[in-house]
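The structure under discussion appears below in the form of structure tokens.
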Amino acid sequence: MKTSRAKSPARATLLPKCPTGIQGLDEITDGGLPRGRPTLVCGGAGCGKTLLAAEFLVRGAMQFDEPGVFIAFEETEKELKANVASLGFDLAGLVRRKKIVVDYVHIERGDAQESGEYDLEGLFVRLNHAIDSIGAKRVVLDTLEVLFASLPNEAILRSELRRLFRWLKDKGVTAVITAERGRESLTRHGLEEYVSDCVIVLDHRVNDQIATRHLRVVKYRGALHGTNEFPFLIGEDGISVLPITSLALNHVASSERIATGIPRLDAMLGGRGFFRGSSILLTGTSGTGKTIISSNFAQAAGRRGERVLYFSFEESPNQITRNMHSIGLRLEPLMKRGLLRIHSARPSLYGLEMHLATMFKEIATFKPHVVIIDPITSLMDLGTDSEGKGMVTRLIDYLKAGQITSFFTSLTQGGKAPQESEAAMSSLMDSWILLQDFEGNGERNRVLYVLKARGMKHSNQIREFLISDHGIDVVDAYIGASGVLTGSARAAQNALEKAAVLAGQQEAAQLVREVERKRAALERQISSLRADHKTEAAELRRIAEQVGTSTRLLGTERAASGILRQADANVAAGARGKARPGRSK
Amino acid sequence: MAGATTRSRLAVLRVRQLCAVELKDHCDLAVIDIYQQPELARANQIVATPTLVIEFPRPMRRFIGNLLNTAGLVVELDLAAKGKIIL
């Protein structure tokens with residue numbers, strides 16, 4: 001981040017820069033302070049001028065092999081060593097190893113009387129001697145303005161200061177000159193008129209009882225630089241300036257997917273869950289189950305063997321594990337295996353910047369795969385909207401650069417449309433899951449839907465999500481003519497539908513039975529008809545036989561009687577079998 | 001003093017005169033050129049040149065400049081009360 005910037009040919013023609021090694025400052029100034037030129041650092045009391053200057057020198061000596069000279073006008077060498085030791089800098093050791101020379105210049109007003117013309121050759125000689133004794137490349141003058149208080153003749157002083165800055169440039173050292181902030185000008189004694197190459201203003205402001213330090217590069221001759229005000233911290237490892245907007249937006253986007261721990265939610269996200277390294281926002285009003293879903297996500301990641309860092313701003317680690325236990329989610333084993341770390345802190349513990357710095361530090365030491373922040377809104381309430389957004393941007397940039405999946409929960413205020421209230425954050429988020437309460441029928445039910453999921457096919461459906469002893473269950477909400485139904489209404493609707501189906505089934509069975517009955521009846525009828533027919537046919541046969549017999553009998557009788565009567569005319573007809581009794585009569 | 005400038009020479013001249021005439025040489029005067037001995041500039045907390053440091057009698061006092069104006073010096077050395085102002 002600090003020195004890894006590749007030098008492109010175009011940059012070589014630009015002003016040579018001297019990296020400060022101070023986290024973030026080199027990014028803002030695109031490489032550091034102007035090499036071989038003086039830089040003015042001004043600010044009010046307690047804003048960190050001396051520390052910035054000291055860090056510039058110490059890091060120069062330690063990281064860039066550039067020895068330095070510290071001309072202290074305000075603090076003795078001993079005081080200075082003690083002060084920077086609190087930042088973890090071993091100034092005493094560097095002085096011993098001849099990497100740094102500290103020269104305490106002490107002059108008091110009552111101490112010296114003016115008795116004629118003079119110059120500041122004494123200071124020049126001391127500076128020159130100190131620089132030459134260790135081959136210094138960097139010089140700090142802290143705070144030169146003390147001279148104005150102790151030396152009476154301002155005209156001489158000003159001309160000598162002009163000469164001093166000229167001399168520093170000629171000497172080729174990169175100098176940092178600190179100065180007290182003036183009321184109307186940048187510095188109380190107008191030093192900015194001598195130092196024209198680079199001016200940095202530090203500022204310490206209290207906003208809502210929380211103090212934040214800011215840094216701004218007012219002027220940087222001949223170079224591009226960030227002109228915004230950047231918050232900075234004085235932490236255990238020195239100063240870190242936090243550029244709100246990282247200049248580059250070029251992190252690698254992984255196409256690996258990670259499961260959420262809720263299969264149905266994975267299904268809603270194109271079947272495979274979130275992208276690794278993406279930023280996920282989970283919004284919902286209170287009690288919608290944000291912590292539960294985040295814990296589920298944490299558990300799923302832990303089970304894959306990934307490290308999860310959980311920042312909680314509402315509950316203690318113990319409370320979270322107890323609560324999750326109640327729904328059958330066991331986080332303790334993961335914590336014991338070192339896969340899950342819960343970092344709890346009250347939001348009001350310290351300012352936004354300090355929180356951010358703490359989080360950065362935790363992330364840097366734990367090296368998690370997944371970071372959960374529950375809820376991010378607690379943090380954002382600490383600053384103004386833009387500060388909060390800036391913080392989230394920085395955090396996401398930082399996490400994305402490290403391919404760390406970030407999972408933010410956000411508590412939305414009731415009554416406001418959630419999409420509206422999160423407008424500040426939404427553009428930074430890759431995926432956005434919304435949790436909502438549906439109130440009706442004397443109950444509240446939770447629903448969940450995917451509001452956005454960059455780069456993946458995702459469900460547009462509202463799903464009801466249930467929390468039971470066994471964890472989370474995502475079920476289809478009833479969507480019908482009467483809208484979306486959840487909870488008991490959904491159950492009632494389901495029952496109604498079931499009843500309707502049952503009734504239909506019964507009706508169908510009834511119909512089947514009826515048809516069957518009709519068929520049976522028909523068959524019975526057919527068989528009775530058949531029986532009738534049989535009887536009739538038998539009757540018919542019997543009659544026919546009877547007729548035949550009687551005819552035959554008649555024929556024989558006739559023949560007999562013919563024989564008797566000697567009649568032979570009808571013998572032939574009678575022999576054909578057709579009785580013609582009428583004619584025969 | 002820093003180098004043999006006119007200003008330095010004038011200061012040295014004035015202080016020698018003072019020592020000889022007023023103090024009747026009851027004093028030790030060391031003239032140091034910080035160009036030659038830069039480490040002494042640091043040791044004696046010299047910022048402006050020329051500087052006259054009166055180490056004894058205590059307290060230590062400093063006079064910066066070429067000593068053209070010795071009014072302060074005269075007061076400091078308690079010469080005025082004795083009516084010995086000649087410079």
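Going by the structure tokens order, chains are called A, B, ..., each with residues numbered from 1, while ligands are numbered from 1 in the order shown.
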What are the closest atom pairs, with distances in Å to one decimal, for each residue of range 235-295 of chain A lying within 8 Å of range 470-494 of chain A, using only C-alpha atoms, rows by chain and rising residue number, as JSON lines?
{"residue": "A:Ile262", "atom": "CA", "partner": "A:Ile472", "partner_atom": "CA", "distance": 7.1}
{"residue": "A:Arg264", "atom": "CA", "partner": "A:Val474", "partner_atom": "CA", "distance": 5.9}
{"residue": "A:Leu265", "atom": "CA", "partner": "A:Val474", "partner_atom": "CA", "distance": 7.2}
{"residue": "A:Ile293", "atom": "CA", "partner": "A:Ile472", "partner_atom": "CA", "distance": 7.9}
- Task: Would you please extract all strand (DSSP E) residues from range 291-437 of chain A, as assigned by DSSP on the backbone, and give them as a ChimeraX atom specification?
- Result: /A:308-312,340-344,370-374,405-411,431-437
Counting only C-alpha atoms, which residues from chain A have an atom at most 8 Å from any atom of chain B, and could you show them as a PDB file with N, CA and C atoms, in the first residue's frame?
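As written to disk, part13.pdb reads:
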ATOM      1  N   ASP A 103      18.042  17.512  18.414  1.00  0.00           N
ATOM      2  CA  ASP A 103      18.689  18.692  18.991  1.00  0.00           C
ATOM      3  C   ASP A 103      17.605  19.590  19.580  1.00  0.00           C
ATOM      4  N   VAL A 105      16.544  22.900  20.906  1.00  0.00           N
ATOM      5  CA  VAL A 105      16.949  24.305  20.854  1.00  0.00           C
ATOM      6  C   VAL A 105      16.141  25.071  21.882  1.00  0.00           C
ATOM      7  N   HIS A 106      16.868  25.546  22.867  1.00  0.00           N
ATOM      8  CA  HIS A 106      16.163  26.184  23.968  1.00  0.00           C
ATOM      9  C   HIS A 106      16.528  27.665  24.025  1.00  0.00           C
ATOM     10  N   ILE A 107      15.530  28.474  23.798  1.00  0.00           N
ATOM     11  CA  ILE A 107      15.758  29.900  24.020  1.00  0.00           C
ATOM     12  C   ILE A 107      14.524  30.495  24.667  1.00  0.00           C
ATOM     13  N   ASP A 111      15.853  35.215  28.567  1.00  0.00           N
ATOM     14  CA  ASP A 111      17.186  34.639  28.618  1.00  0.00           C
ATOM     15  C   ASP A 111      18.189  35.416  27.769  1.00  0.00           C
ATOM     16  N   ALA A 112      17.663  35.984  26.689  1.00  0.00           N
ATOM     17  CA  ALA A 112      18.578  36.638  25.765  1.00  0.00           C
ATOM     18  C   ALA A 112      18.141  38.084  25.534  1.00  0.00           C
ATOM     19  N   GLN A 113      19.099  38.954  25.580  1.00  0.00           N
ATOM     20  CA  GLN A 113      18.787  40.341  25.297  1.00  0.00           C
ATOM     21  C   GLN A 113      19.405  40.716  23.971  1.00  0.00           C
ATOM     22  N   GLU A 114      18.691  41.545  23.280  1.00  0.00           N
ATOM     23  CA  GLU A 114      19.226  41.966  21.993  1.00  0.00           C
ATOM     24  C   GLU A 114      20.133  43.169  22.224  1.00  0.00           C
ATOM     25  N   SER A 115      21.246  43.101  21.648  1.00  0.00           N
ATOM     26  CA  SER A 115      22.159  44.232  21.817  1.00  0.00           C
ATOM     27  C   SER A 115      22.851  44.524  20.493  1.00  0.00           C
ATOM     28  N   GLY A 116      22.026  44.672  19.493  1.00  0.00           N
ATOM     29  CA  GLY A 116      22.608  44.986  18.198  1.00  0.00           C
ATOM     30  C   GLY A 116      22.188  43.973  17.135  1.00  0.00           C
ATOM     31  N   GLU A 117      22.797  44.100  15.997  1.00  0.00           N
ATOM     32  CA  GLU A 117      22.436  43.235  14.868  1.00  0.00           C
ATOM     33  C   GLU A 117      22.899  41.808  15.098  1.00  0.00           C
ATOM     34  N   TYR A 118      22.102  40.881  14.568  1.00  0.00           N
ATOM     35  CA  TYR A 118      22.492  39.471  14.681  1.00  0.00           C
ATOM     36  C   TYR A 118      21.885  38.674  13.537  1.00  0.00           C
ATOM     37  N   ASP A 119      22.265  37.445  13.433  1.00  0.00           N
ATOM     38  CA  ASP A 119      21.597  36.537  12.492  1.00  0.00           C
ATOM     39  C   ASP A 119      21.420  35.191  13.193  1.00  0.00           C
ATOM     40  N   LEU A 120      20.836  34.226  12.476  1.00  0.00           N
ATOM     41  CA  LEU A 120      20.574  32.917  13.097  1.00  0.00           C
ATOM     42  C   LEU A 120      21.601  31.887  12.678  1.00  0.00           C
ATOM     43  N   GLU A 121      22.811  32.364  12.462  1.00  0.00           N
ATOM     44  CA  GLU A 121      23.849  31.464  11.985  1.00  0.00           C
ATOM     45  C   GLU A 121      24.061  30.308  12.979  1.00  0.00           C
ATOM     46  N   GLY A 122      23.792  30.598  14.262  1.00  0.00           N
ATOM     47  CA  GLY A 122      23.945  29.543  15.275  1.00  0.00           C
ATOM     48  C   GLY A 122      23.055  28.352  14.951  1.00  0.00           C
ATOM     49  N   LEU A 123      21.825  28.652  14.598  1.00  0.00           N
ATOM     50  CA  LEU A 123      20.874  27.590  14.241  1.00  0.00           C
ATOM     51  C   LEU A 123      21.326  26.845  12.982  1.00  0.00           C
ATOM     52  N   PHE A 124      21.778  27.640  12.006  1.00  0.00           N
ATOM     53  CA  PHE A 124      22.233  27.031  10.751  1.00  0.00           C
ATOM     54  C   PHE A 124      23.393  26.072  10.999  1.00  0.00           C
ATOM     55  N   VAL A 125      24.301  26.540  11.845  1.00  0.00           N
ATOM     56  CA  VAL A 125      25.493  25.726  12.109  1.00  0.00           C
ATOM     57  C   VAL A 125      25.100  24.432  12.812  1.00  0.00           C
ATOM     58  N   ARG A 126      24.190  24.555  13.770  1.00  0.00           N
ATOM     59  CA  ARG A 126      23.756  23.355  14.492  1.00  0.00           C
ATOM     60  C   ARG A 126      23.061  22.377  13.569  1.00  0.00           C
ATOM     61  N   HIS A 129      25.548  20.867  11.188  1.00  0.00           N
ATOM     62  CA  HIS A 129      26.402  19.917  11.884  1.00  0.00           C
ATOM     63  C   HIS A 129      25.644  18.600  12.111  1.00  0.00           C
TER      64      HIS A 129
END
- Task: Pull the alpha helix (DSSP H) assignments for range 317-512 of chain A out of DSSP run on the backbone, and list those residues as number ranges by chain.
- Result: A: 317-325, 332-336, 352-366, 376-380, 385-401, 418-421, 423-426, 487-512
Next, dump the selected residues to file, keeping only C-alpha atoms, as a PDB file, in the first residue's frame.
ATOM      1  CA  PRO A 317     -20.289 -12.828  22.839  1.00  0.00           C
ATOM      2  CA  ASN A 318     -21.845 -14.872  25.595  1.00  0.00           C
ATOM      3  CA  GLN A 319     -25.287 -13.497  24.969  1.00  0.00           C
ATOM      4  CA  ILE A 320     -25.064 -14.280  21.285  1.00  0.00           C
ATOM      5  CA  THR A 321     -24.000 -17.867  21.853  1.00  0.00           C
ATOM      6  CA  ARG A 322     -26.741 -18.374  24.451  1.00  0.00           C
ATOM      7  CA  ASN A 323     -29.426 -16.926  22.221  1.00  0.00           C
ATOM      8  CA  MET A 324     -28.325 -18.922  19.221  1.00  0.00           C
ATOM      9  CA  HIS A 325     -28.306 -22.043  21.317  1.00  0.00           C
ATOM     10  CA  GLU A 332     -19.160 -22.409  20.925  1.00  0.00           C
ATOM     11  CA  PRO A 333     -17.433 -25.300  19.112  1.00  0.00           C
ATOM     12  CA  LEU A 334     -16.415 -22.930  16.337  1.00  0.00           C
ATOM     13  CA  MET A 335     -15.136 -20.435  18.878  1.00  0.00           C
ATOM     14  CA  LYS A 336     -13.129 -23.141  20.596  1.00  0.00           C
ATOM     15  CA  LEU A 352     -16.216   6.272  14.490  1.00  0.00           C
ATOM     16  CA  GLU A 353     -12.602   6.498  13.436  1.00  0.00           C
ATOM     17  CA  MET A 354     -11.369   4.676  16.464  1.00  0.00           C
ATOM     18  CA  HIS A 355     -13.917   1.925  15.864  1.00  0.00           C
ATOM     19  CA  LEU A 356     -12.752   1.651  12.304  1.00  0.00           C
ATOM     20  CA  ALA A 357      -9.136   1.499  13.369  1.00  0.00           C
ATOM     21  CA  THR A 358      -9.914  -1.182  15.928  1.00  0.00           C
ATOM     22  CA  MET A 359     -11.766  -3.180  13.309  1.00  0.00           C
ATOM     23  CA  PHE A 360      -8.932  -2.847  10.823  1.00  0.00           C
ATOM     24  CA  LYS A 361      -6.550  -4.048  13.453  1.00  0.00           C
ATOM     25  CA  GLU A 362      -8.715  -7.016  14.436  1.00  0.00           C
ATOM     26  CA  ILE A 363      -9.114  -7.948  10.786  1.00  0.00           C
ATOM     27  CA  ALA A 364      -5.400  -7.664  10.182  1.00  0.00           C
ATOM     28  CA  THR A 365      -4.549  -9.928  13.091  1.00  0.00           C
ATOM     29  CA  PHE A 366      -7.354 -12.516  12.792  1.00  0.00           C
ATOM     30  CA  ILE A 376     -23.618  -1.374  11.063  1.00  0.00           C
ATOM     31  CA  THR A 377     -26.284   1.210  11.868  1.00  0.00           C
ATOM     32  CA  SER A 378     -25.102   1.467  15.468  1.00  0.00           C
ATOM     33  CA  LEU A 379     -21.790   2.666  14.158  1.00  0.00           C
ATOM     34  CA  MET A 380     -23.236   4.966  11.572  1.00  0.00           C
ATOM     35  CA  ASP A 385     -24.434  10.410   7.358  1.00  0.00           C
ATOM     36  CA  SER A 386     -21.517  11.182   5.126  1.00  0.00           C
ATOM     37  CA  GLU A 387     -18.994  10.134   7.751  1.00  0.00           C
ATOM     38  CA  GLY A 388     -20.863   6.908   8.239  1.00  0.00           C
ATOM     39  CA  LYS A 389     -20.986   6.245   4.549  1.00  0.00           C
ATOM     40  CA  GLY A 390     -17.344   7.081   4.270  1.00  0.00           C
ATOM     41  CA  MET A 391     -16.566   4.609   6.965  1.00  0.00           C
ATOM     42  CA  VAL A 392     -18.509   1.840   5.315  1.00  0.00           C
ATOM     43  CA  THR A 393     -16.862   2.592   1.999  1.00  0.00           C
ATOM     44  CA  ARG A 394     -13.432   2.361   3.539  1.00  0.00           C
ATOM     45  CA  LEU A 395     -14.319  -0.795   5.346  1.00  0.00           C
ATOM     46  CA  ILE A 396     -15.712  -2.430   2.224  1.00  0.00           C
ATOM     47  CA  ASP A 397     -12.733  -1.321   0.158  1.00  0.00           C
ATOM     48  CA  TYR A 398     -10.443  -2.778   2.732  1.00  0.00           C
ATOM     49  CA  LEU A 399     -12.339  -6.053   2.931  1.00  0.00           C
ATOM     50  CA  LYS A 400     -12.729  -6.410  -0.807  1.00  0.00           C
ATOM     51  CA  ALA A 401      -9.058  -5.839  -1.330  1.00  0.00           C
ATOM     52  CA  PRO A 418     -36.349   0.308   4.062  1.00  0.00           C
ATOM     53  CA  GLN A 419     -35.154   0.972   0.549  1.00  0.00           C
ATOM     54  CA  GLU A 420     -35.189   4.660   1.329  1.00  0.00           C
ATOM     55  CA  SER A 421     -33.483   4.575   4.678  1.00  0.00           C
ATOM     56  CA  ALA A 423     -30.023   4.651   0.271  1.00  0.00           C
ATOM     57  CA  ALA A 424     -26.660   5.792   1.584  1.00  0.00           C
ATOM     58  CA  MET A 425     -25.346   2.289   1.890  1.00  0.00           C
ATOM     59  CA  SER A 426     -27.107   0.400  -0.831  1.00  0.00           C
ATOM     60  CA  GLY A 487     -48.355 -17.246   9.450  1.00  0.00           C
ATOM     61  CA  SER A 488     -51.727 -18.498  10.562  1.00  0.00           C
ATOM     62  CA  ALA A 489     -53.420 -16.826   7.644  1.00  0.00           C
ATOM     63  CA  ARG A 490     -51.193 -18.873   5.382  1.00  0.00           C
ATOM     64  CA  ALA A 491     -51.993 -21.949   7.453  1.00  0.00           C
ATOM     65  CA  ALA A 492     -55.704 -21.162   7.329  1.00  0.00           C
ATOM     66  CA  GLN A 493     -55.525 -20.639   3.627  1.00  0.00           C
ATOM     67  CA  ASN A 494     -53.661 -23.902   3.291  1.00  0.00           C
ATOM     68  CA  ALA A 495     -56.359 -25.639   5.370  1.00  0.00           C
ATOM     69  CA  LEU A 496     -59.066 -24.087   3.265  1.00  0.00           C
ATOM     70  CA  GLU A 497     -57.410 -25.295   0.143  1.00  0.00           C
ATOM     71  CA  LYS A 498     -56.925 -28.708   1.621  1.00  0.00           C
ATOM     72  CA  ALA A 499     -60.611 -28.854   2.520  1.00  0.00           C
ATOM     73  CA  ALA A 500     -61.528 -27.799  -0.964  1.00  0.00           C
ATOM     74  CA  VAL A 501     -59.323 -30.470  -2.430  1.00  0.00           C
ATOM     75  CA  LEU A 502     -60.778 -33.034  -0.068  1.00  0.00           C
ATOM     76  CA  ALA A 503     -64.296 -32.016  -0.997  1.00  0.00           C
ATOM     77  CA  GLY A 504     -63.378 -32.327  -4.652  1.00  0.00           C
ATOM     78  CA  GLN A 505     -61.870 -35.715  -4.072  1.00  0.00           C
ATOM     79  CA  GLN A 506     -64.980 -36.845  -2.229  1.00  0.00           C
ATOM     80  CA  GLU A 507     -67.188 -35.576  -5.002  1.00  0.00           C
ATOM     81  CA  ALA A 508     -65.164 -37.411  -7.558  1.00  0.00           C
ATOM     82  CA  ALA A 509     -65.353 -40.612  -5.543  1.00  0.00           C
ATOM     83  CA  GLN A 510     -69.071 -40.135  -5.217  1.00  0.00           C
ATOM     84  CA  LEU A 511     -69.312 -39.716  -8.936  1.00  0.00           C
ATOM     85  CA  VAL A 512     -67.307 -42.848  -9.499  1.00  0.00           C
TER      86      VAL A 512
END
- Interatomic distance between CA of Val450 in chain A and CA of Leu466 in chain A?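 We find that CA of Val450 in chain A and CA of Leu466 in chain A lie 16.3 Å from each other.
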- Task: Have a look at CA of Val199 in chain A and CA of Cys42 in chain A and let me know their distance in Å, one decimal.
- Result: 7.7 Å
- Item | Which of B:Phe56, B:Val74, B:Ala30, B:Thr6 sits closest to Leu18 in chain B [using only C-alpha atoms] |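 Of the candidates, the smallest distance to Leu18 in chain B is held by B:Val74.
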Within 12 Å of range 294-296 of chain A using only C-alpha atoms, minus same-chain residues under 6 positions, as a PDB file with C-alpha atoms, in the first residue's frame:
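Dumped to result_27.pdb:
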ATOM      1  CA  ALA A 259     -23.521 -20.881   0.975  1.00  0.00           C
ATOM      2  CA  THR A 260     -25.535 -18.899   3.455  1.00  0.00           C
ATOM      3  CA  GLY A 261     -26.312 -21.796   5.736  1.00  0.00           C
ATOM      4  CA  ILE A 262     -29.975 -21.641   4.759  1.00  0.00           C
ATOM      5  CA  PRO A 263     -30.569 -23.893   1.754  1.00  0.00           C
ATOM      6  CA  LEU A 265     -31.937 -18.777   0.764  1.00  0.00           C
ATOM      7  CA  ILE A 280     -23.929  -8.210   1.762  1.00  0.00           C
ATOM      8  CA  LEU A 281     -26.489  -6.071   3.478  1.00  0.00           C
ATOM      9  CA  LEU A 282     -29.243  -7.499   5.601  1.00  0.00           C
ATOM     10  CA  THR A 283     -31.808  -4.951   6.639  1.00  0.00           C
ATOM     11  CA  THR A 288     -36.851  -9.657  12.332  1.00  0.00           C
ATOM     12  CA  GLY A 302     -17.116 -22.011  10.201  1.00  0.00           C
ATOM     13  CA  ARG A 303     -18.222 -25.454   9.144  1.00  0.00           C
ATOM     14  CA  VAL A 308     -15.232 -15.631  10.843  1.00  0.00           C
ATOM     15  CA  LEU A 309     -14.865 -12.352  12.660  1.00  0.00           C
ATOM     16  CA  TYR A 310     -18.115 -11.189  14.181  1.00  0.00           C
ATOM     17  CA  PHE A 311     -18.345  -7.583  15.349  1.00  0.00           C
ATOM     18  CA  SER A 312     -21.305  -7.155  17.599  1.00  0.00           C
ATOM     19  CA  PRO A 317     -20.289 -12.828  22.839  1.00  0.00           C
ATOM     20  CA  ILE A 320     -25.064 -14.280  21.285  1.00  0.00           C
ATOM     21  CA  THR A 321     -24.000 -17.867  21.853  1.00  0.00           C
ATOM     22  CA  ARG A 322     -26.741 -18.374  24.451  1.00  0.00           C
ATOM     23  CA  ASN A 323     -29.426 -16.926  22.221  1.00  0.00           C
ATOM     24  CA  MET A 324     -28.325 -18.922  19.221  1.00  0.00           C
ATOM     25  CA  HIS A 325     -28.306 -22.043  21.317  1.00  0.00           C
ATOM     26  CA  ILE A 327     -32.645 -22.143  18.157  1.00  0.00           C
ATOM     27  CA  GLY A 328     -30.265 -25.055  17.953  1.00  0.00           C
ATOM     28  CA  LEU A 329     -27.321 -23.107  16.594  1.00  0.00           C
ATOM     29  CA  ARG A 330     -24.118 -23.953  18.408  1.00  0.00           C
ATOM     30  CA  LEU A 331     -21.373 -21.392  17.999  1.00  0.00           C
ATOM     31  CA  GLU A 332     -19.160 -22.409  20.925  1.00  0.00           C
ATOM     32  CA  LEU A 334     -16.415 -22.930  16.337  1.00  0.00           C
ATOM     33  CA  LEU A 340     -15.093 -17.751  15.097  1.00  0.00           C
ATOM     34  CA  ARG A 341     -14.218 -14.658  17.042  1.00  0.00           C
ATOM     35  CA  ILE A 342     -16.900 -12.394  18.407  1.00  0.00           C
ATOM     36  CA  VAL A 370     -15.899 -13.569   6.565  1.00  0.00           C
ATOM     37  CA  VAL A 371     -16.557 -10.422   8.549  1.00  0.00           C
ATOM     38  CA  ILE A 372     -19.947  -9.808  10.096  1.00  0.00           C
ATOM     39  CA  ILE A 373     -20.918  -6.434  11.468  1.00  0.00           C
ATOM     40  CA  ASP A 374     -24.062  -6.496  13.514  1.00  0.00           C
ATOM     41  CA  PRO A 375     -25.452  -3.911  13.181  1.00  0.00           C
ATOM     42  CA  SER A 406     -18.540  -8.757   4.444  1.00  0.00           C
ATOM     43  CA  PHE A 407     -21.936  -9.211   5.964  1.00  0.00           C
ATOM     44  CA  PHE A 408     -23.613  -6.139   7.395  1.00  0.00           C
ATOM     45  CA  THR A 409     -26.861  -6.040   9.234  1.00  0.00           C
ATOM     46  CA  SER A 410     -28.791  -2.838   9.388  1.00  0.00           C
ATOM     47  CA  ILE A 433     -31.589  -9.175   1.688  1.00  0.00           C
ATOM     48  CA  ILE A 467     -37.570 -19.535  13.454  1.00  0.00           C
ATOM     49  CA  HIS A 470     -34.153 -26.280  14.946  1.00  0.00           C
ATOM     50  CA  GLY A 471     -33.107 -23.087  13.338  1.00  0.00           C
ATOM     51  CA  ILE A 472     -34.358 -21.214  10.367  1.00  0.00           C
ATOM     52  CA  ASP A 473     -36.830 -22.482   7.857  1.00  0.00           C
TER      53      ASP A 473
END
- Separation of CA of Ile292 in chain A and CA of Gly270 in chain A, in Å?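 Calculated distance between CA of Ile292 in chain A and CA of Gly270 in chain A is 21.9 Å.
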